[in-house]
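Asks: Okay, so here is data-v6.txt, and as you'll see once you scroll down, it has compact mmCIF, C-alpha atoms.
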```
# COMPACT_ATOMS: atom_id res chain seq x y z
CA MET A 1 114.19 89.20 97.34
CA SER A 2 111.21 88.59 95.11
CA GLU A 3 111.22 90.36 91.78
CA SER A 4 107.74 91.86 91.97
CA LEU A 5 108.41 93.19 95.47
CA GLU A 6 111.63 94.76 94.28
CA LYS A 7 109.78 96.42 91.42
CA VAL A 8 107.22 97.93 93.83
CA GLU A 9 109.94 99.22 96.15
CA GLN A 10 111.88 100.70 93.28
CA LEU A 11 108.83 102.67 92.10
CA LEU A 12 107.89 103.76 95.63
CA LYS A 13 111.45 104.98 96.19
CA GLN A 14 110.99 107.49 93.36
CA LEU A 15 108.24 109.27 95.27
CA PRO A 16 109.23 112.46 97.08
CA GLY A 17 110.40 111.95 100.65
CA LEU A 18 110.69 108.16 100.45
CA GLY A 19 114.03 106.39 100.83
CA TYR A 20 114.65 102.69 100.40
CA ARG A 21 113.74 101.93 103.99
CA SER A 22 110.41 103.76 103.97
CA ALA A 23 109.64 102.32 100.50
CA GLU A 24 110.21 98.81 101.83
CA ARG A 25 108.10 99.51 104.89
CA ILE A 26 105.18 100.80 102.82
CA ALA A 27 105.46 97.98 100.27
CA LEU A 28 105.33 95.30 102.96
CA HIS A 29 102.54 97.13 104.74
CA LEU A 30 100.37 97.11 101.62
CA LEU A 31 101.32 93.61 100.52
CA VAL A 32 101.66 91.68 103.77
CA GLU A 33 100.43 93.49 106.86
CA LYS A 34 97.33 95.27 105.58
CA PRO A 35 96.59 93.94 102.09
CA GLU A 36 92.99 95.11 102.50
CA ARG A 37 94.25 98.70 102.18
CA LEU A 38 95.74 98.20 98.73
CA GLU A 39 92.63 98.22 96.55
CA PRO A 40 90.96 101.27 98.17
CA LEU A 41 94.20 103.22 97.73
CA VAL A 42 94.61 102.18 94.09
CA GLU A 43 90.96 102.99 93.44
CA ALA A 44 91.19 106.43 95.09
CA LEU A 45 94.36 107.29 93.14
CA ARG A 46 92.80 106.34 89.83
CA GLN A 47 89.59 108.18 90.67
CA ALA A 48 91.50 111.32 91.57
CA ALA A 49 93.67 111.09 88.46
CA ALA A 50 90.53 110.82 86.34
CA ASN A 51 88.63 113.62 88.10
CA LEU A 52 91.23 116.28 88.72
CA ARG A 53 92.18 118.88 86.17
CA ARG A 54 93.72 122.32 86.12
CA CYS A 55 91.40 125.26 86.57
CA PRO A 56 91.70 127.27 83.30
CA ILE A 57 91.52 130.54 85.25
CA THR A 58 93.68 130.00 88.34
CA GLY A 59 95.76 126.92 87.53
CA ASN A 60 94.68 125.29 90.80
CA LEU A 61 93.50 121.67 90.86
CA THR A 62 89.78 121.21 90.51
CA GLU A 63 87.14 118.61 89.90
CA ALA A 64 84.68 121.20 88.63
CA ASP A 65 85.06 123.69 85.75
CA THR A 66 86.75 126.29 87.95
CA CYS A 67 88.53 125.86 91.25
CA ALA A 68 86.43 125.91 94.41
CA ILE A 69 88.31 128.84 95.94
CA TYR A 70 87.83 131.04 92.88
CA ALA A 71 84.18 130.02 92.63
CA ASP A 72 83.53 130.85 96.30
CA PRO A 73 81.57 134.15 96.40
CA ALA A 74 83.01 134.88 99.85
CA ARG A 75 86.55 135.19 98.47
CA HIS A 76 87.84 138.56 97.27
CA ARG A 77 88.59 138.19 93.58
CA GLU A 78 90.26 141.58 93.36
CA VAL A 79 93.20 140.26 95.42
CA THR A 80 95.22 137.50 93.73
CA CYS A 81 98.06 135.65 95.36
CA VAL A 82 100.58 134.21 92.87
CA VAL A 83 102.18 130.92 94.00
CA GLU A 84 104.57 128.47 92.39
CA THR A 85 102.80 125.22 93.18
CA VAL A 86 99.56 123.71 94.47
CA PRO A 87 101.22 122.64 97.76
CA ASP A 88 102.20 126.29 98.29
CA LEU A 89 98.55 127.26 97.80
CA LEU A 90 97.39 124.58 100.23
CA ALA A 91 99.91 125.75 102.83
CA ILE A 92 98.58 129.31 102.65
CA GLU A 93 95.00 128.01 102.82
CA ARG A 94 95.86 126.06 105.98
CA SER A 95 97.09 129.24 107.63
CA GLY A 96 93.49 130.48 107.32
CA VAL A 97 94.52 134.12 107.09
CA TYR A 98 94.02 134.79 103.39
CA ARG A 99 90.63 135.66 101.88
CA GLY A 100 91.62 136.50 98.30
CA VAL A 101 92.01 134.14 95.35
CA TYR A 102 95.09 132.50 93.80
CA HIS A 103 97.06 132.04 90.66
CA VAL A 104 99.30 128.96 90.37
CA LEU A 105 102.26 129.33 87.99
CA HIS A 106 103.32 125.65 88.23
CA GLY A 107 106.97 126.56 88.59
CA LYS A 108 109.28 129.54 88.49
CA LEU A 109 111.48 131.00 85.77
CA SER A 110 114.73 129.07 85.60
CA PRO A 111 116.69 129.42 82.34
CA LEU A 112 119.32 127.02 83.69
CA HIS A 113 116.69 124.28 83.90
CA GLY A 114 115.10 125.29 80.63
CA VAL A 115 112.02 126.87 82.22
CA GLY A 116 111.05 130.00 80.29
CA PRO A 117 107.89 132.15 80.38
CA SER A 118 106.12 129.85 77.92
CA ASN A 119 106.46 126.92 80.34
CA LEU A 120 104.62 128.70 83.14
CA ASN A 121 100.97 129.56 83.59
CA PHE A 122 101.36 133.24 82.65
CA ALA A 123 98.81 133.39 79.82
CA SER A 124 95.75 133.12 82.03
CA LEU A 125 97.28 135.52 84.60
CA ARG A 126 97.76 138.05 81.81
CA ARG A 127 94.14 137.51 80.80
CA ARG A 128 92.93 138.04 84.37
CA ILE A 129 94.91 141.28 84.59
CA GLU A 130 93.68 142.53 81.24
CA GLU A 131 90.07 141.74 82.08
CA GLY A 132 90.38 144.17 85.00
CA GLU A 133 89.63 141.66 87.71
CA VAL A 134 92.89 142.14 89.60
CA GLN A 135 93.41 145.15 91.87
CA GLU A 136 96.21 143.70 93.96
CA LEU A 137 98.77 141.04 93.13
CA ILE A 138 100.62 139.40 96.04
CA LEU A 139 103.71 137.53 94.92
CA ALA A 140 104.20 134.52 97.19
CA LEU A 141 107.23 133.22 95.32
CA SER A 142 110.32 131.72 96.84
CA ASN A 143 113.18 133.76 98.23
CA ASP A 144 115.82 132.75 95.68
CA ILE A 145 117.17 133.91 92.33
CA GLU A 146 114.49 132.12 90.32
CA GLY A 147 111.69 133.47 92.53
CA GLU A 148 113.18 136.93 92.20
CA ALA A 149 113.40 136.63 88.40
CA THR A 150 109.79 135.49 88.24
CA CYS A 151 108.69 138.50 90.30
CA HIS A 152 110.56 140.85 87.95
CA TYR A 153 109.05 139.18 84.91
CA ILE A 154 105.53 139.70 86.28
CA GLN A 155 106.32 143.32 87.15
CA ASP A 156 107.92 144.14 83.80
CA GLU A 157 105.94 142.04 81.34
CA LEU A 158 102.50 141.59 82.84
CA LEU A 159 102.05 144.79 84.83
CA ALA A 160 103.91 147.27 82.58
CA GLY A 161 102.07 150.60 82.66
CA ARG A 162 99.50 149.32 85.16
CA ALA A 163 100.09 151.69 88.07
CA ASP A 164 96.48 151.05 89.10
CA ILE A 165 97.36 147.53 90.30
CA ARG A 166 99.09 147.22 93.66
CA LEU A 167 101.99 144.77 93.54
CA SER A 168 103.48 143.31 96.71
CA ARG A 169 105.72 140.45 97.70
CA ILE A 170 105.30 138.40 100.88
CA GLY A 171 107.64 139.22 103.77
CA PHE A 172 110.81 137.24 104.39
CA GLY A 173 112.63 136.93 107.68
CA LEU A 174 112.90 134.88 110.80
CA PRO A 175 110.27 132.10 110.98
CA SER A 176 107.90 132.25 113.90
CA GLY A 177 109.42 130.41 116.84
CA GLY A 178 112.84 130.34 115.20
CA GLY A 179 115.82 131.62 117.17
CA ILE A 180 118.42 134.00 115.77
CA THR A 181 121.27 131.71 116.80
CA TYR A 182 120.18 128.95 114.44
CA ALA A 183 119.02 131.05 111.48
CA ASP A 184 121.14 130.86 108.32
CA SER A 185 122.73 134.03 107.06
CA ALA A 186 120.41 134.42 104.05
CA THR A 187 117.41 134.38 106.42
CA LEU A 188 119.08 136.88 108.73
CA LYS A 189 119.83 139.14 105.77
CA SER A 190 116.13 139.06 104.73
CA ALA A 191 115.10 139.69 108.33
CA LEU A 192 117.33 142.75 108.58
CA ASP A 193 116.37 144.02 105.14
CA GLY A 194 112.72 143.57 106.03
CA ARG A 195 112.86 145.37 109.39
CA ARG A 196 109.93 147.60 110.28
CA ASP A 197 109.64 150.62 112.56
CA PHE A 198 108.56 149.57 116.02
CA MET B 199 90.22 120.99 98.58
CA SER B 200 88.87 118.53 96.04
CA GLU B 201 87.10 115.50 97.46
CA SER B 202 88.97 112.85 95.48
CA LEU B 203 92.32 114.39 96.40
CA GLU B 204 91.34 114.39 100.05
CA LYS B 205 90.40 110.74 99.82
CA VAL B 206 93.81 109.85 98.34
CA GLU B 207 95.64 111.81 101.04
CA GLN B 208 93.58 110.24 103.78
CA LEU B 209 94.46 106.72 102.57
CA LEU B 210 98.13 107.58 102.05
CA LYS B 211 98.30 109.00 105.58
CA GLN B 212 97.45 105.56 106.96
CA LEU B 213 100.65 104.10 105.53
CA PRO B 214 103.51 103.67 107.97
CA GLY B 215 105.85 106.63 108.21
CA LEU B 216 103.62 109.06 106.30
CA GLY B 217 102.13 112.14 107.95
CA TYR B 218 99.68 114.55 106.38
CA ARG B 219 102.43 116.61 104.80
CA SER B 220 104.23 113.69 103.14
CA ALA B 221 100.86 112.20 102.09
CA GLU B 222 99.96 115.48 100.39
CA ARG B 223 103.35 115.68 98.74
CA ILE B 224 103.10 112.15 97.35
CA ALA B 225 99.49 112.61 96.23
CA LEU B 226 100.30 115.77 94.30
CA HIS B 227 103.43 114.17 92.89
CA LEU B 228 101.45 111.25 91.47
CA LEU B 229 98.47 113.34 90.35
CA VAL B 230 100.03 116.59 89.14
CA GLU B 231 103.79 116.59 88.84
CA LYS B 232 104.50 113.09 87.49
CA PRO B 233 101.17 111.54 86.52
CA GLU B 234 103.07 109.14 84.23
CA ARG B 235 104.35 107.37 87.36
CA LEU B 236 100.90 106.48 88.67
CA GLU B 237 99.96 103.59 86.40
CA PRO B 238 103.31 101.73 86.63
CA LEU B 239 103.14 101.95 90.42
CA VAL B 240 99.54 100.73 90.57
CA GLU B 241 100.37 97.94 88.14
CA ALA B 242 103.46 96.85 90.13
CA LEU B 243 101.51 96.85 93.40
CA ARG B 244 98.73 94.73 91.95
CA GLN B 245 101.22 92.38 90.31
CA ALA B 246 103.09 91.92 93.57
CA ALA B 247 99.87 91.42 95.53
CA ALA B 248 98.84 88.72 93.08
CA ASN B 249 102.23 86.98 92.95
CA LEU B 250 103.46 87.05 96.52
CA ARG B 251 102.50 84.46 99.08
CA ARG B 252 103.87 83.09 102.33
CA CYS B 253 106.40 80.28 102.08
CA PRO B 254 104.72 77.31 103.85
CA ILE B 255 108.06 76.27 105.36
CA THR B 256 109.74 79.52 106.46
CA GLY B 257 106.91 82.06 106.48
CA ASN B 258 108.97 84.42 104.29
CA LEU B 259 107.44 86.11 101.25
CA THR B 260 107.87 84.24 98.00
CA GLU B 261 106.71 84.13 94.42
CA ALA B 262 107.69 80.47 94.07
CA ASP B 263 106.55 77.47 96.14
CA THR B 264 109.26 77.99 98.75
CA CYS B 265 111.23 81.11 99.60
CA ALA B 266 114.36 81.79 97.55
CA ILE B 267 116.66 81.84 100.58
CA TYR B 268 115.47 78.44 101.78
CA ALA B 269 115.68 77.00 98.28
CA ASP B 270 119.25 78.27 97.81
CA PRO B 271 121.59 75.22 98.12
CA ALA B 272 124.40 77.51 99.32
CA ARG B 273 122.50 78.38 102.51
CA HIS B 274 122.99 76.26 105.63
CA ARG B 275 119.60 74.76 106.44
CA GLU B 276 120.76 73.39 109.77
CA VAL B 277 120.97 76.95 111.16
CA THR B 278 117.63 78.76 111.41
CA CYS B 279 117.24 82.36 112.48
CA VAL B 280 113.81 83.14 113.97
CA VAL B 281 112.57 86.68 113.25
CA GLU B 282 109.34 88.54 113.95
CA THR B 283 108.76 90.11 110.55
CA VAL B 284 109.84 90.08 106.93
CA PRO B 285 111.50 93.54 107.28
CA ASP B 286 113.61 92.07 110.12
CA LEU B 287 114.67 89.25 107.77
CA LEU B 288 115.53 91.72 105.02
CA ALA B 289 117.60 93.82 107.44
CA ILE B 290 119.66 90.77 108.42
CA GLU B 291 120.05 89.82 104.76
CA ARG B 292 121.35 93.30 103.97
CA SER B 293 124.04 92.93 106.60
CA GLY B 294 125.39 90.09 104.43
CA VAL B 295 126.85 88.20 107.38
CA TYR B 296 124.32 85.39 107.79
CA ARG B 297 124.44 82.20 105.72
CA GLY B 298 121.74 80.12 107.41
CA VAL B 299 118.01 80.12 106.69
CA TYR B 300 115.10 81.87 108.42
CA HIS B 301 111.79 81.37 110.11
CA VAL B 302 109.35 84.30 110.19
CA LEU B 303 106.85 84.26 113.07
CA HIS B 304 104.84 87.27 111.78
CA GLY B 305 104.66 88.81 115.23
CA LYS B 306 105.53 88.09 118.83
CA LEU B 307 103.51 86.79 121.74
CA SER B 308 101.52 89.59 123.30
CA PRO B 309 98.56 88.52 125.45
CA LEU B 310 97.70 92.19 126.05
CA HIS B 311 97.11 92.64 122.31
CA GLY B 312 95.39 89.27 121.96
CA VAL B 313 98.34 87.59 120.20
CA GLY B 314 98.68 84.02 121.44
CA PRO B 315 100.71 81.06 120.10
CA SER B 316 97.96 80.13 117.62
CA ASN B 317 98.29 83.56 115.95
CA LEU B 318 101.96 83.09 115.16
CA ASN B 319 103.74 80.92 112.63
CA PHE B 320 104.79 78.26 115.17
CA ALA B 321 103.27 75.19 113.50
CA SER B 322 105.74 75.03 110.62
CA LEU B 323 108.65 75.81 112.96
CA ARG B 324 107.59 72.85 115.12
CA ARG B 325 107.44 70.71 111.97
CA ARG B 326 110.93 71.81 110.90
CA ILE B 327 112.29 70.96 114.34
CA GLU B 328 110.55 67.60 114.43
CA GLU B 329 111.77 66.67 110.97
CA GLY B 330 115.33 66.98 112.28
CA GLU B 331 116.38 69.75 109.92
CA VAL B 332 117.32 72.26 112.65
CA GLN B 333 120.61 71.93 114.55
CA GLU B 334 120.82 75.51 115.76
CA LEU B 335 118.08 78.05 116.38
CA ILE B 336 119.09 81.72 116.62
CA LEU B 337 116.38 83.88 118.18
CA ALA B 338 116.52 87.33 116.58
CA LEU B 339 113.53 88.66 118.50
CA SER B 340 113.16 92.10 119.98
CA ASN B 341 114.62 93.12 123.30
CA ASP B 342 111.33 93.67 125.16
CA ILE B 343 108.88 91.71 127.30
CA GLU B 344 107.01 90.26 124.32
CA GLY B 345 110.23 89.23 122.58
CA GLU B 346 111.41 87.65 125.81
CA ALA B 347 108.11 85.77 126.24
CA THR B 348 108.32 84.50 122.67
CA CYS B 349 111.85 83.21 123.29
CA HIS B 350 110.71 81.38 126.41
CA TYR B 351 107.76 79.87 124.56
CA ILE B 352 110.04 78.48 121.86
CA GLN B 353 112.46 77.13 124.47
CA ASP B 354 109.75 75.52 126.62
CA GLU B 355 107.18 74.39 124.08
CA LEU B 356 109.06 73.73 120.85
CA LEU B 357 112.46 72.64 122.10
CA ALA B 358 111.45 70.77 125.27
CA GLY B 359 113.77 67.76 125.71
CA ARG B 360 115.77 68.64 122.60
CA ALA B 361 119.22 69.16 124.13
CA ASP B 362 120.67 68.27 120.73
CA ILE B 363 119.57 71.60 119.29
CA ARG B 364 121.65 74.62 120.14
CA LEU B 365 119.52 77.63 121.10
CA SER B 366 120.94 81.16 121.10
CA ARG B 367 119.64 84.70 121.16
CA ILE B 368 121.26 87.60 119.28
CA GLY B 369 123.42 89.96 121.33
CA PHE B 370 122.07 93.23 122.71
CA GLY B 371 124.09 96.25 123.66
CA LEU B 372 125.47 99.47 122.32
CA PRO B 373 124.84 99.95 118.60
CA SER B 374 127.91 100.30 116.42
CA GLY B 375 128.91 103.96 116.27
CA GLY B 376 126.67 104.83 119.23
CA GLY B 377 128.17 106.71 122.13
CA ILE B 378 127.65 105.75 125.77
CA THR B 379 126.57 109.29 126.68
CA TYR B 380 123.48 109.11 124.49
CA ALA B 381 122.48 105.48 125.07
CA ASP B 382 119.27 104.90 127.03
CA SER B 383 119.50 103.00 130.29
CA ALA B 384 117.86 99.81 128.96
CA THR B 385 120.52 99.62 126.23
CA LEU B 386 123.29 100.24 128.75
CA LYS B 387 121.88 97.52 130.98
CA SER B 388 121.94 95.04 128.05
CA ALA B 389 125.45 96.17 127.15
CA LEU B 390 126.69 95.54 130.68
CA ASP B 391 124.81 92.27 131.00
CA GLY B 392 126.22 91.16 127.66
CA ARG B 393 129.86 92.02 128.44
CA ARG B 394 132.49 89.56 127.25
CA ASP B 395 135.99 88.82 128.45
CA PHE B 396 138.52 90.92 126.60
```
Using C-alpha cells, write down the structure that the file contains.

Replies:
Amino acid sequence: MSESLEKVEQLLKQLPGLGYRSAERIALHLLVEKPERLEPLVEALRQAAANLRRCPITGNLTEADTCAIYADPARHREVTCVVETVPDLLAIERSGVYRGVYHVLHGKLSPLHGVGPSNLNFASLRRRIEEGEVQELILALSNDIEGEATCHYIQDELLAGRADIRLSRIGFGLPSGGGITYADSATLKSALDGRRDF
Amino acid sequence: MSESLEKVEQLLKQLPGLGYRSAERIALHLLVEKPERLEPLVEALRQAAANLRRCPITGNLTEADTCAIYADPARHREVTCVVETVPDLLAIERSGVYRGVYHVLHGKLSPLHGVGPSNLNFASLRRRIEEGEVQELILALSNDIEGEATCHYIQDELLAGRADIRLSRIGFGLPSGGGITYADSATLKSALDGRRDF
C-alpha cells in the first residue's frame, strides 16, 4: 500500500473508537470517494483548535472569555455540577433536565496513573466555593474507586467546615430500559444500595 | 455548545461509520485531550491527498506512475481480479492468497443510481484485454443485482468472442466460521447453488 496512505491510516487509528478497518474506510473516503470533504474538515479543525480555550471559571470549553452555560443568566449559578470531562457535561446538557452550572475537573484522582490534586481543575472550584457562589455541589463523578476518591477529596479538602453548602452525588443503579437479568453485579449492588421508599 | 466545535462535529459525522457520539468523541480528543495529534493528522491527510492518484492501468491508488502491485514483477499479470473499490482490493490483499493483479472499477453498474458503463473504469480494462495481457479474469464483484449486471456487461461487451480468456466469478456461500442457523436465506441459496462434489 502507498506510504502516505498508510501514514494517514496509522494516525486515524489512534483516534478513540477507530480500528484499522474504520480508519481505512475514513481515509479512502476523504482521499478517494469524497476528496471535496477534506479541506472543509481540515479548516474546521484548525479553526476550532485556534478558537477554543478552557473557561477559567468552569473549565468547560469556550470561544468567549467564559463558557456560554455559565454566562447564561437563565442558569442557576448557586447549583454547580462537578464532572470529569467535557463529554460528560455535554451528555448531561443533552438530557435537558439540568438548569444549574458546571465545573469540569478534566479527570479524576488516580494515584496509580500519577494523577494527583494538582493535575485537576480544583483551584478554580475552590475559588468559586470561597467566593460564596456555590450553595449546592452535585458530584457527577464515575462510580469507581477513582470517582469515589475524588468525591472524598472534594468533601474533605474543599468543603471542610462548610456545612452551609449542600453536597450530593448523582444516583447509581439500573439504567433506564435495562433489565435486571443483564445487569452486572456492581450495577445491581448500586441499585440495591440506592433503593428508595416506594 | 461552541460554534466551531459544532462545525467540526458536523463534518466528522459525515464520514463513514461515525455517528454523532463518535464524532463528538473524536473532535474532543483532537481539540482537548490530545491537541498534539491534530497537526500531524492534518499534515498526513494533505500529503496523501497531494501524492495519491489513480493508476491509469489498474485504477488502484498509487503514488508512482503505476500501482505498486501491478509494477511488482513477482505478481502474475496474466490473472486480473476485477473489484468494485480500493477497500475491496485491500481486503483481498490482506488475505494474502492472491498473486495476480487487479482492476478497480470504482463502482458497479446501477442504472437506478445513474451509474452507466461510462461512469466506471472500463476503458482501461478493455485496453488491457485488447493488448493481450489478460488470460484470466476473476470477477470479485458483489453478490447483488448490480454486481450481477456488471459481470454480464464485462462478459458481453468486453470479452465478446474472446473464448481464449478464462472468466470466473468468486464463490459465494457460508462465510468461514458462520453457522447455518444464523445465515440469511440469500446466503444459504448461494451456498446451495455453489455446492461442490465432496

Asks: Which one of A:Ser95, A:Thr80, A:Ser2, A:Thr187 sits closest to B:Glu261 if you count only C-alpha atoms?

Replies: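 Comparing A:Ser95, A:Thr80, A:Ser2, A:Thr187 against B:Glu261, the winner is A:Ser2.
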
Asks: Would you mind listing what lies within 12 Å of A:Arg195 as a tab-separated table (two decimals) with C-alpha atoms, in the coordinates of the input, with all atoms listed in the file counted and same-chain residues fewer than 2 positions away left out?

Replies:
```tsv
chain	number	residue	atom	x	y	z
A	171	GLY	CA	107.64	139.22	103.77
A	172	PHE	CA	110.81	137.24	104.39
A	173	GLY	CA	112.63	136.93	107.68
A	174	LEU	CA	112.90	134.88	110.80
A	188	LEU	CA	119.08	136.88	108.73
A	189	LYS	CA	119.83	139.14	105.77
A	190	SER	CA	116.13	139.06	104.73
A	191	ALA	CA	115.10	139.69	108.33
A	192	LEU	CA	117.33	142.75	108.58
A	193	ASP	CA	116.37	144.02	105.14
A	197	ASP	CA	109.64	150.62	112.56
A	198	PHE	CA	108.56	149.57	116.02
```

Asks: Considering all atoms listed in the file, return as a ChimeraX atom specification whatever protein or nucleic-acid residues lie within 8 Å of A:Cys81, sequence-local ones (same chain, fewer than 6 positions apart) excluded.

Replies: /A:100-103,137-140

Asks: Give as a list of chain:residue names every residue of chain B that touches chain A within 6 Å, counting all atoms listed in the file.

Replies: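 Here is what falls inside 6 Å: B:Ser202, B:Leu203, B:Val206, B:Leu209, B:Leu229, B:Leu239, B:Ala242, B:Leu243, B:Ala246, B:Ala247.
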
Asks: Residues at most 10 Å from B:Gly330, counting all atoms listed in the file, excluding those fewer than 4 positions away in the same chain, as a list in words?

Replies: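 Counting all atoms listed in the file, the residues come to Glu276, Arg325, Arg326 and Ile363 of chain B.
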
Asks: Please determine, counting all atoms listed in the file, which residue among A:Arg77, A:Arg126, A:Lys108, A:Arg99 has the shortest atom-to-atom distance to A:Glu148.

Replies: A:Lys108

Asks: Could you tell me how far atom CA of A:Leu141 lies from atom CA of A:Asp88, in Å and to one decimal?

Replies: 9.1 Å
